[in-house]
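Shown next, in structure tokens, is the structure this report addresses.
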Amino acid sequence: SRRAIWIDGKPIFLVSGEFQYWRVPDHSRWRSILAQYRAAGMNCVRFYFHWGYHSPQEGTYIFEGNRDMDYLLTLCEELGLFVVAAPGPYICAETQGGGFPTWLVAKPEVRIRHLYFHAIKRWDEKFMQHCLEWWKRICEIIARHEIVADRRGCVIAFQVENELWQKFAFADEVGRLAQSARELGIRTPIYHNDEMAHGSWTSEASDKNQSFCGDLYGVDLYFTFPPRDGSQDQSAIVIAAFTCGGLSTCLECFGIGGTGVNGRDLPCLNSCYHKGEALHLKPEPLGWKPQNFSRSLDRYEKRMMQIGGTAASRPIFVAEAQVGWINQWARTRGYDDFYRFFGDHFCATLTTTLASQGVTAINFYIPYGGTSYGTSGDSEVYTSYDYSGFIREYGKLSKRGRRTRFLLLFCRSFATLGVAETEAVEPSRSTKSGKAYVECSIPDILIKTRISTGDSGFAYLRNFTGADAHFSLALDGAVVSGHLTNRDSVIVPFNIPLRNSKSTGFVMNICSPRVISRGTYLDCEIWICSMEEGRQRFILSPTLASSDPTWTVSVAWANFDGAGGILEAHPGDEGEVAPLLSAPLEELPRRPTPSGPSVSLSAFSRDNGIVGIAIEVSEPCVFTLYDSREGESAFVRVLCLSEADSETFTMELDSSTESYSKSTNHALWAAWGVDEIVLDRARKEIRVLRNPFPSMKPNTLWMLGSSSPTLKGHSLSEVPSRLKEILPGLHAISFENPNVEIESLSRVMRSKWEYQYLSWDMELAGIPWKAIDYRKERNPLDHHFTGGHILYRCKFVSSRNRMALVVNTRHVAAIFCNGRLVGSHICYSHGSVSAGAMHAFDIRWAGKKYYDLTSFLKRGGNDTEQELVILVFSFGLSRQPFLLNDVRNRRGLLSAKLRPRPKQAEWHIAGKAVSSLNNPFNTSGLPTEPTLEDPSRSHMNVSGWTVDDHVQLTYSPEKGNIVWYRSQFKANASSGKVYAPLRLSFRTADKVHAFGWVNGWMIASYISYVGPQEDFFIMPGILAQEPTHGDGGKEGEGMAMNDLVIVFYGSSNQVCSVQVSIDTWIIDNESGNCLTEQQGGKPFVRFNETISLSA
């Protein structure tokens, strides 16, 4: 329809989350993460399908193991998640080469995305044919899972290309792909996501750029960024996408400067522009500006109408709604700083605001970012892709995710009651139409009112006052009080019919608690609300058709301690609530919690003669409303939860009805009360992660449903009989925290380190040096070397006693001369036109570094052979975003000049050709690195390993060029009773380069003087799952053994060291940010319980 996507005859409020499976290579975690999405309130997931991940070599396509897309889509079907399929071919996603295969990028004759130069395109049929070949492979899989082909399927939409501005695109660039998708069996709606609201591919009008019009209009929405997220070159002026006009850029255009981060090594710039550390100021907590938020969103619906076409006639799909933001290499801020910048309420308020603009389809980018292990990321991002999301990289559901869940469950559960099909109304319409709408005592808090059918509607509230706000809401003479913390938001339903199995007898006019969700449970409506301090009020009235002055309303209530009662009200009975119902529109005082009953009931008469009911609640409880006109039948049950319990609440809504089933045998559940709850309807089980700290009170898990839960080792707790009568199907399990030391749950036992030095000229090193023509063959992409290390060797003959090297590399380089480390440097910039630019235009002739090699030369008289080795670490290929032609920006060695020029020089290159690897990303580029087949590097000389008893790892340049350390550690498998994710941590005061592998997976790239990452997530699925066994209960029995390998080298000809440890995550329990124990942090350790549900 104009407003919403309908499935099986019902409007759906689509709340989706991005999931990037290639950043979760241990596919044993896919199910648990997707189940977390579902538990966090989402009913859909969007997948970018990564061409380069599936095709490591030309003509080869892998769809098995951790690349099994049939399995991934089947998981979504089992979990009840819709899928938006986005197979590219270009996917962006801060991934290597934008998702294109290395073998394709390495073809110089192919114009990637038809780009000849930045913003200049020339059609390339070869490129299109390669794309169509990928299309054939992936569309076949997607088509099998379309919901229109099989009701048990999951795919409901199909995205073509990504962020391609129509104004600068060819007519067939999207059209050919869309047509091919249809020919290959894709029947679902096809759309393209605009990178901004340009209106691309929305109109069917014929013009030279139009051979495709999307069935939907998809658009990205990124509008709030941490400060100083531009070029970071303080001498520069930002114009559009390019940085130019600054002193640094001008100098680099003449080949002057460029080394360091953003050219900081140049003395004049360092003294003039980079004094202090202002360059990398961390963002302020809650630093986003409400005025930017309002300016970007409060006229969003009007903007879509102005665009016209499908943007005005079809549902708006926000294909990427901002959750947090990416972080780059060489920042001093991290994702924890980003979390503080965006705060707990950002995404919830974004959801409220978009809903107020009529948006009913939202895909969040990205609830769980995952890990850019190895070289999977592009040149912008480092290993962690945490994104400060709903779910932190190590698996913790943050408070931002919990607060957003309030809005997601609300929008989904009220979709069939009108929130997915609304029209905006102006306040003046209330007088013209004779209908009453919600008014607020603080007008700026009420941002929009929308109506659905009849008098039903929704008021959208948002607090941008700068402080916590107490206010009043008035509707047709009835007043309720409200409260919002700073930057929080809420959607308030009004005049919502309450139906039971017989009729519609009452209307919920308005209520003061935050409504989280609703559904049909057993014989009537059920509403779930979050309580705040003070009395909360529900205002109801009978429908006009069933008004009868002789009726009696009764309310049965009970709190969670078992206290309760039954209250009755009759027309004409006016209790203490009556005077407040006609109060003027002004802020009402927050009344203290009374010492009397938890629930009170009053009847009242409005000026228009309609009789109403006011129910007031003072503490968490359950109440049911009965109507004597229908033989004491129930019309609504209301579950009022404490604010703490409401943040744990999750609900299994059926994907087709988006509500509880009416069947009394429905086995699906709502649950609340413990730290994190994940419902898995396919397996009919509840997974509970609960906090084991002795300081925490015993956890009680409350479950609502018709099944009988069973949990091995635990028994059901007794639910007070009065509570059970009012809310049938309520069960509870109380968990007593065992008297165990937390450290024992997360213990890591590591064996002693062994180390071995390697030199570039050692036969043992096994480096496959390949002779090259320096002028033509030094580009690493020609050899299929992408991110990570590339080695260059120059053997030269010189009779001079002095020698210097002028070298230009991307991005980090270490220079060795005759086996000795001379020094290292970096050339990397956050600017768009600069030496080492992470995007756009890299000034290749700038960024040169001078090294004096004199003291490192061999002294052997005339014609002495010397050896120079340049070890380069590339941050990866750029990703070709928007109109930028940067995927082939040079990496590795751009130039090297020896002065004076030697008599003769022979050049060699070495690295890891990713086209030779099954997984093109699980590599550091070092030819001698560990592999999945040999995770401990056992192929090295066994007698060459030396035991090291020290805690710190040490690198001595005199002993070799690089040093390998290896060890083993035992840890509890996180798939068992205890979930205790681990991190590999590096700490040093020296300038070092260190890279880490666990069981053959490269999970850590640590460059201490570049940063910012120091703690690296050890993905649970890569850990050994089979425990070692021993006799007599030895320490470590029952824990699995894992291989740990570190390669390490310094940045100068000095001894340096780094401390390496494996630890649990010490965190703040609300945000998931890392803290020290001195700051109040606690280990992220959870008991992992599984509760089976049986009918």
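Residue numbers start at 1 in each chain; chains themselves are named A, B, ... in the order of the structure tokens; ligands are numbered from 1 in the order shown.
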
### Message
Which residues are near A:Trp325? Cut-off 10 Å, only C-alpha atoms, ignore same chain within fewer than 5 positions. Put them as a list in words.
### Response
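Residues near the query, excluding close chain neighbours: Tyr222, Thr224, Phe225, Pro226, Tyr335, Phe338, Tyr339, Phe342, Tyr365, Ile366, Tyr385, Asp386, Tyr387, Ser388 and Gly389 of chain A.
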
### Task
Mind checking which residues fall within 9 Å of stretch 77-89 of chain A, counting only C-alpha atoms, ignoring those fewer than 3 positions away in the same chain, and posting them as a PyMOL selection string?
chain A and resi 14+16+31+34-35+38+42-51+72-74+92+98-100+131-132+134-135+138-139+142+145-147+152-162+654-655+679-683

Sorted by chain and rising residue number, which residues of stretch 983-1075 of chain A lie within 12 Å of stretch 757-777 of chain A, and what are their closest atom pairs and distances in Å to one decimal, counting only C-alpha atoms, as a Markdown table?
| residue | atom | partner | partner_atom | distance |
| --- | --- | --- | --- | --- |
| A:Ile1046 | CA | A:Tyr757 | CA | 11.9 |
| A:Val1047 | CA | A:Tyr757 | CA | 9.7 |
| A:Phe1048 | CA | A:Tyr757 | CA | 9.7 |
| A:Tyr1049 | CA | A:Tyr757 | CA | 10.1 |

### Query
Which neighbours of stretch 1076-1084 of chain A fall inside 6 Å, counting only C-alpha atoms, when residues of the same chain fewer than 5 positions from it are skipped, and could you give them as a PyMOL selection string?
chain A and resi 1065-1068

Selection from above, N, CA, C and O atoms, as an mmCIF file, in the first residue's frame, can you write it?
data_model
loop_
_atom_site.group_PDB
_atom_site.id
_atom_site.type_symbol
_atom_site.label_atom_id
_atom_site.label_comp_id
_atom_site.auth_asym_id
_atom_site.auth_seq_id
_atom_site.Cartn_x
_atom_site.Cartn_y
_atom_site.Cartn_z
ATOM 1 N N TRP A 1065 36.272 -9.975 29.202
ATOM 2 C CA TRP A 1065 35.951 -8.572 28.997
ATOM 3 C C TRP A 1065 35.463 -7.976 30.311
ATOM 4 O O TRP A 1065 34.519 -8.485 30.915
ATOM 5 N N ILE A 1066 36.105 -6.912 30.762
ATOM 6 C CA ILE A 1066 35.686 -6.201 31.976
ATOM 7 C C ILE A 1066 34.859 -5.003 31.512
ATOM 8 O O ILE A 1066 35.384 -4.120 30.820
ATOM 9 N N ILE A 1067 33.592 -4.965 31.901
ATOM 10 C CA ILE A 1067 32.683 -4.037 31.236
ATOM 11 C C ILE A 1067 31.766 -3.305 32.222
ATOM 12 O O ILE A 1067 31.631 -3.685 33.384
ATOM 13 N N ASP A 1068 31.136 -2.262 31.695
ATOM 14 C CA ASP A 1068 29.989 -1.627 32.332
ATOM 15 C C ASP A 1068 28.756 -2.397 31.889
ATOM 16 O O ASP A 1068 28.531 -2.600 30.695
#

Which stretch 889-977 of chain A residues have any atom within 8 Å of an atom of stretch 798-805 of chain A, and for each, what is the nearest pair of atoms with distance in Å to one decimal, counting only C-alpha atoms, rows sorted by chain and number, as JSON lines?
{"residue": "A:Ala896", "atom": "CA", "partner": "A:Leu805", "partner_atom": "CA", "distance": 6.9}
{"residue": "A:Lys897", "atom": "CA", "partner": "A:Leu805", "partner_atom": "CA", "distance": 5.7}
{"residue": "A:Leu898", "atom": "CA", "partner": "A:Leu805", "partner_atom": "CA", "distance": 4.7}
{"residue": "A:Arg899", "atom": "CA", "partner": "A:Ala804", "partner_atom": "CA", "distance": 5.1}
{"residue": "A:Pro900", "atom": "CA", "partner": "A:Met803", "partner_atom": "CA", "distance": 6.3}
{"residue": "A:Pro902", "atom": "CA", "partner": "A:Ser798", "partner_atom": "CA", "distance": 5.1}
{"residue": "A:Lys903", "atom": "CA", "partner": "A:Ser798", "partner_atom": "CA", "distance": 5.9}
{"residue": "A:Gln904", "atom": "CA", "partner": "A:Ser798", "partner_atom": "CA", "distance": 7.8}

Find the residues near stretch 512-514 of chain A: any atom within 9 Å, counting only C-alpha atoms, skip ones fewer than 2 places away on the same chain, and give them as a PDB file with N, CA and C atoms, in the first residue's frame.
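The resulting file, around_31.pdb, is shown below:
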ATOM      1  N   PHE A 406      11.898  -1.425  23.001  1.00  0.00           N
ATOM      2  CA  PHE A 406      10.596  -0.884  23.368  1.00  0.00           C
ATOM      3  C   PHE A 406       9.822  -0.445  22.127  1.00  0.00           C
ATOM      4  N   SER A 472       2.079  16.804  31.031  1.00  0.00           N
ATOM      5  CA  SER A 472       0.733  16.248  31.033  1.00  0.00           C
ATOM      6  C   SER A 472       0.269  16.051  29.608  1.00  0.00           C
ATOM      7  N   LEU A 473      -0.517  15.000  29.403  1.00  0.00           N
ATOM      8  CA  LEU A 473      -1.178  14.748  28.129  1.00  0.00           C
ATOM      9  C   LEU A 473      -2.679  14.820  28.354  1.00  0.00           C
ATOM     10  N   VAL A 480      -3.501  12.746  31.762  1.00  0.00           N
ATOM     11  CA  VAL A 480      -2.569  11.813  32.393  1.00  0.00           C
ATOM     12  C   VAL A 480      -1.199  12.483  32.422  1.00  0.00           C
ATOM     13  N   SER A 481      -0.383  12.066  33.362  1.00  0.00           N
ATOM     14  CA  SER A 481       0.960  12.634  33.475  1.00  0.00           C
ATOM     15  C   SER A 481       1.961  11.765  32.750  1.00  0.00           C
ATOM     16  N   GLY A 482       3.054  12.381  32.338  1.00  0.00           N
ATOM     17  CA  GLY A 482       4.091  11.657  31.635  1.00  0.00           C
ATOM     18  C   GLY A 482       5.475  12.129  32.038  1.00  0.00           C
ATOM     19  N   HIS A 483       6.469  11.324  31.692  1.00  0.00           N
ATOM     20  CA  HIS A 483       7.860  11.648  32.020  1.00  0.00           C
ATOM     21  C   HIS A 483       8.766  11.065  30.951  1.00  0.00           C
ATOM     22  N   VAL A 490       8.725   8.313  23.045  1.00  0.00           N
ATOM     23  CA  VAL A 490       7.694   7.307  23.272  1.00  0.00           C
ATOM     24  C   VAL A 490       6.579   7.536  22.254  1.00  0.00           C
ATOM     25  N   ILE A 491       5.889   6.459  21.912  1.00  0.00           N
ATOM     26  CA  ILE A 491       4.676   6.552  21.098  1.00  0.00           C
ATOM     27  C   ILE A 491       3.503   6.231  22.001  1.00  0.00           C
ATOM     28  N   VAL A 492       2.543   7.128  22.064  1.00  0.00           N
ATOM     29  CA  VAL A 492       1.377   6.970  22.931  1.00  0.00           C
ATOM     30  C   VAL A 492       0.156   6.646  22.070  1.00  0.00           C
ATOM     31  N   ILE A 510      -6.442   6.612  26.644  1.00  0.00           N
ATOM     32  CA  ILE A 510      -5.056   7.060  26.781  1.00  0.00           C
ATOM     33  C   ILE A 510      -4.524   6.494  28.086  1.00  0.00           C
ATOM     34  N   ILE A 516       4.802  -1.041  25.880  1.00  0.00           N
ATOM     35  CA  ILE A 516       5.894  -1.725  25.179  1.00  0.00           C
ATOM     36  C   ILE A 516       5.361  -2.564  24.032  1.00  0.00           C
ATOM     37  N   ILE A 528       1.431  -4.746  27.514  1.00  0.00           N
ATOM     38  CA  ILE A 528       2.592  -4.785  28.405  1.00  0.00           C
ATOM     39  C   ILE A 528       3.109  -3.360  28.526  1.00  0.00           C
ATOM     40  N   CYS A 529       3.253  -2.891  29.762  1.00  0.00           N
ATOM     41  CA  CYS A 529       3.635  -1.510  30.028  1.00  0.00           C
ATOM     42  C   CYS A 529       4.827  -1.467  30.971  1.00  0.00           C
ATOM     43  N   SER A 530       5.592  -0.375  30.862  1.00  0.00           N
ATOM     44  CA  SER A 530       6.735  -0.143  31.750  1.00  0.00           C
ATOM     45  C   SER A 530       6.344   0.900  32.786  1.00  0.00           C
ATOM     46  N   MET A 531       6.511   0.556  34.059  1.00  0.00           N
ATOM     47  CA  MET A 531       6.116   1.441  35.158  1.00  0.00           C
ATOM     48  C   MET A 531       7.233   2.421  35.500  1.00  0.00           C
ATOM     49  N   GLU A 532       6.828   3.580  35.987  1.00  0.00           N
ATOM     50  CA  GLU A 532       7.745   4.532  36.584  1.00  0.00           C
ATOM     51  C   GLU A 532       7.264   4.822  37.993  1.00  0.00           C
ATOM     52  N   ARG A 535       1.933   7.015  40.631  1.00  0.00           N
ATOM     53  CA  ARG A 535       0.788   6.338  40.040  1.00  0.00           C
ATOM     54  C   ARG A 535       0.779   6.499  38.526  1.00  0.00           C
ATOM     55  N   GLN A 536       0.366   5.429  37.865  1.00  0.00           N
ATOM     56  CA  GLN A 536       0.181   5.440  36.427  1.00  0.00           C
ATOM     57  C   GLN A 536      -1.311   5.282  36.144  1.00  0.00           C
ATOM     58  N   ARG A 537      -1.794   5.968  35.122  1.00  0.00           N
ATOM     59  CA  ARG A 537      -3.241   6.023  34.896  1.00  0.00           C
ATOM     60  C   ARG A 537      -3.602   5.492  33.520  1.00  0.00           C
ATOM     61  N   PHE A 538      -4.683   4.702  33.506  1.00  0.00           N
ATOM     62  CA  PHE A 538      -5.293   4.196  32.273  1.00  0.00           C
ATOM     63  C   PHE A 538      -6.715   4.746  32.208  1.00  0.00           C
ATOM     64  N   ILE A 539      -7.046   5.407  31.106  1.00  0.00           N
ATOM     65  CA  ILE A 539      -8.378   5.959  30.908  1.00  0.00           C
ATOM     66  C   ILE A 539      -9.073   5.143  29.814  1.00  0.00           C
ATOM     67  N   CYS A 640       1.980  -4.749  34.027  1.00  0.00           N
ATOM     68  CA  CYS A 640       2.783  -3.571  34.355  1.00  0.00           C
ATOM     69  C   CYS A 640       4.092  -4.032  34.994  1.00  0.00           C
TER      70      CYS A 640
END

### Task
Could you give me, as an MDAnalysis selection string, the residues within 7 Å of A:Asn509, counting only C-alpha atoms and dropping anything in the same chain fewer than 6 positions from it?
chainID A and resid 494:496 539:541

### Message
Which residue is closest to A:Val323? Choose from A:Gly255, A:Asp298, A:Gly401, A:Thr188 and count only C-alpha atoms.
### Response
A:Gly401

### Message
If we count only C-alpha atoms and set the cut-off at 6 Å, which residues sit around stretch 616-631 of chain A, ignoring sequence neighbours fewer than 3 positions away in its own chain? Please answer as number ranges by chain.
### Response
A: 534-537, 551-559, 593, 598-600, 634-642

Grab the residues selected above and save them as a CSV table (one decimal), in the first residue's frame with C-alpha atoms.
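File out_29.csv, as written:
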chain,number,residue,atom,x,y,z
A,534,GLY,CA,4.3,7.3,41.2
A,535,ARG,CA,0.8,6.3,40.0
A,536,GLN,CA,0.2,5.4,36.4
A,537,ARG,CA,-3.2,6.0,34.9
A,551,TRP,CA,-23.3,-2.0,33.6
A,552,THR,CA,-20.7,-2.8,36.1
A,553,VAL,CA,-17.0,-2.9,35.5
A,554,SER,CA,-14.7,-5.0,37.7
A,555,VAL,CA,-10.9,-5.2,37.9
A,556,ALA,CA,-9.1,-8.2,39.3
A,557,TRP,CA,-5.5,-7.4,40.1
A,558,ALA,CA,-2.4,-8.9,41.8
A,559,ASN,CA,1.1,-7.9,42.3
A,593,THR,CA,3.4,6.0,45.7
A,598,SER,CA,-1.6,-1.2,44.2
A,599,VAL,CA,-4.6,-0.6,42.0
A,600,SER,CA,-7.6,1.7,42.3
A,634,ALA,CA,-12.4,-10.2,30.1
A,635,PHE,CA,-11.6,-7.3,27.7
A,636,VAL,CA,-8.0,-6.6,28.5
A,637,ARG,CA,-5.2,-7.8,30.6
A,638,VAL,CA,-2.4,-5.3,31.5
A,639,LEU,CA,1.0,-6.4,32.6
A,640,CYS,CA,2.8,-3.6,34.4
A,641,LEU,CA,6.5,-4.2,34.7
A,642,SER,CA,9.2,-2.3,36.6

### Task
Might you pull out every residue within 9 Å of stretch 447-463 of chain A, with only C-alpha atoms counted and same-chain residues fewer than 2 positions away left off, and present them as a ChimeraX atom specification?
/A:298,349,352-353,355-358,417-427,435-439,443-445,465-469,484-497,509

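Nearest to A:Gly370 of all the residues A:Ile1018, A:Leu354, A:Val507, A:Val748 is A:Ile1018, based on only C-alpha atoms.
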
#### Entry: Residue nearest A:Ala913 - candidates A:Leu893, A:Ile790, A:Cys411, A:Cys440, atoms counted: only C-alpha atoms
A:Ile790

### Message
Which residue is closest to A:Ser708? Choose from A:Ser1092, A:Ser646, A:Thr543, A:Ser517 and count only C-alpha atoms.
### Response
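Going through A:Ser1092, A:Ser646, A:Thr543, A:Ser517 one by one, the smallest distance to A:Ser708 is for A:Ser1092.
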
### Message
Restricting the calculation to only C-alpha atoms: of A:Phe841, A:Phe293, A:Tyr755, A:Phe882, which residue gets closest to A:Ile962?
### Response
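Comparing A:Phe841, A:Phe293, A:Tyr755, A:Phe882 against A:Ile962, the winner is A:Tyr755.
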
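The space separating atom CA of A:Phe471 from atom CA of A:Pro542 comes to 26.8 Å.
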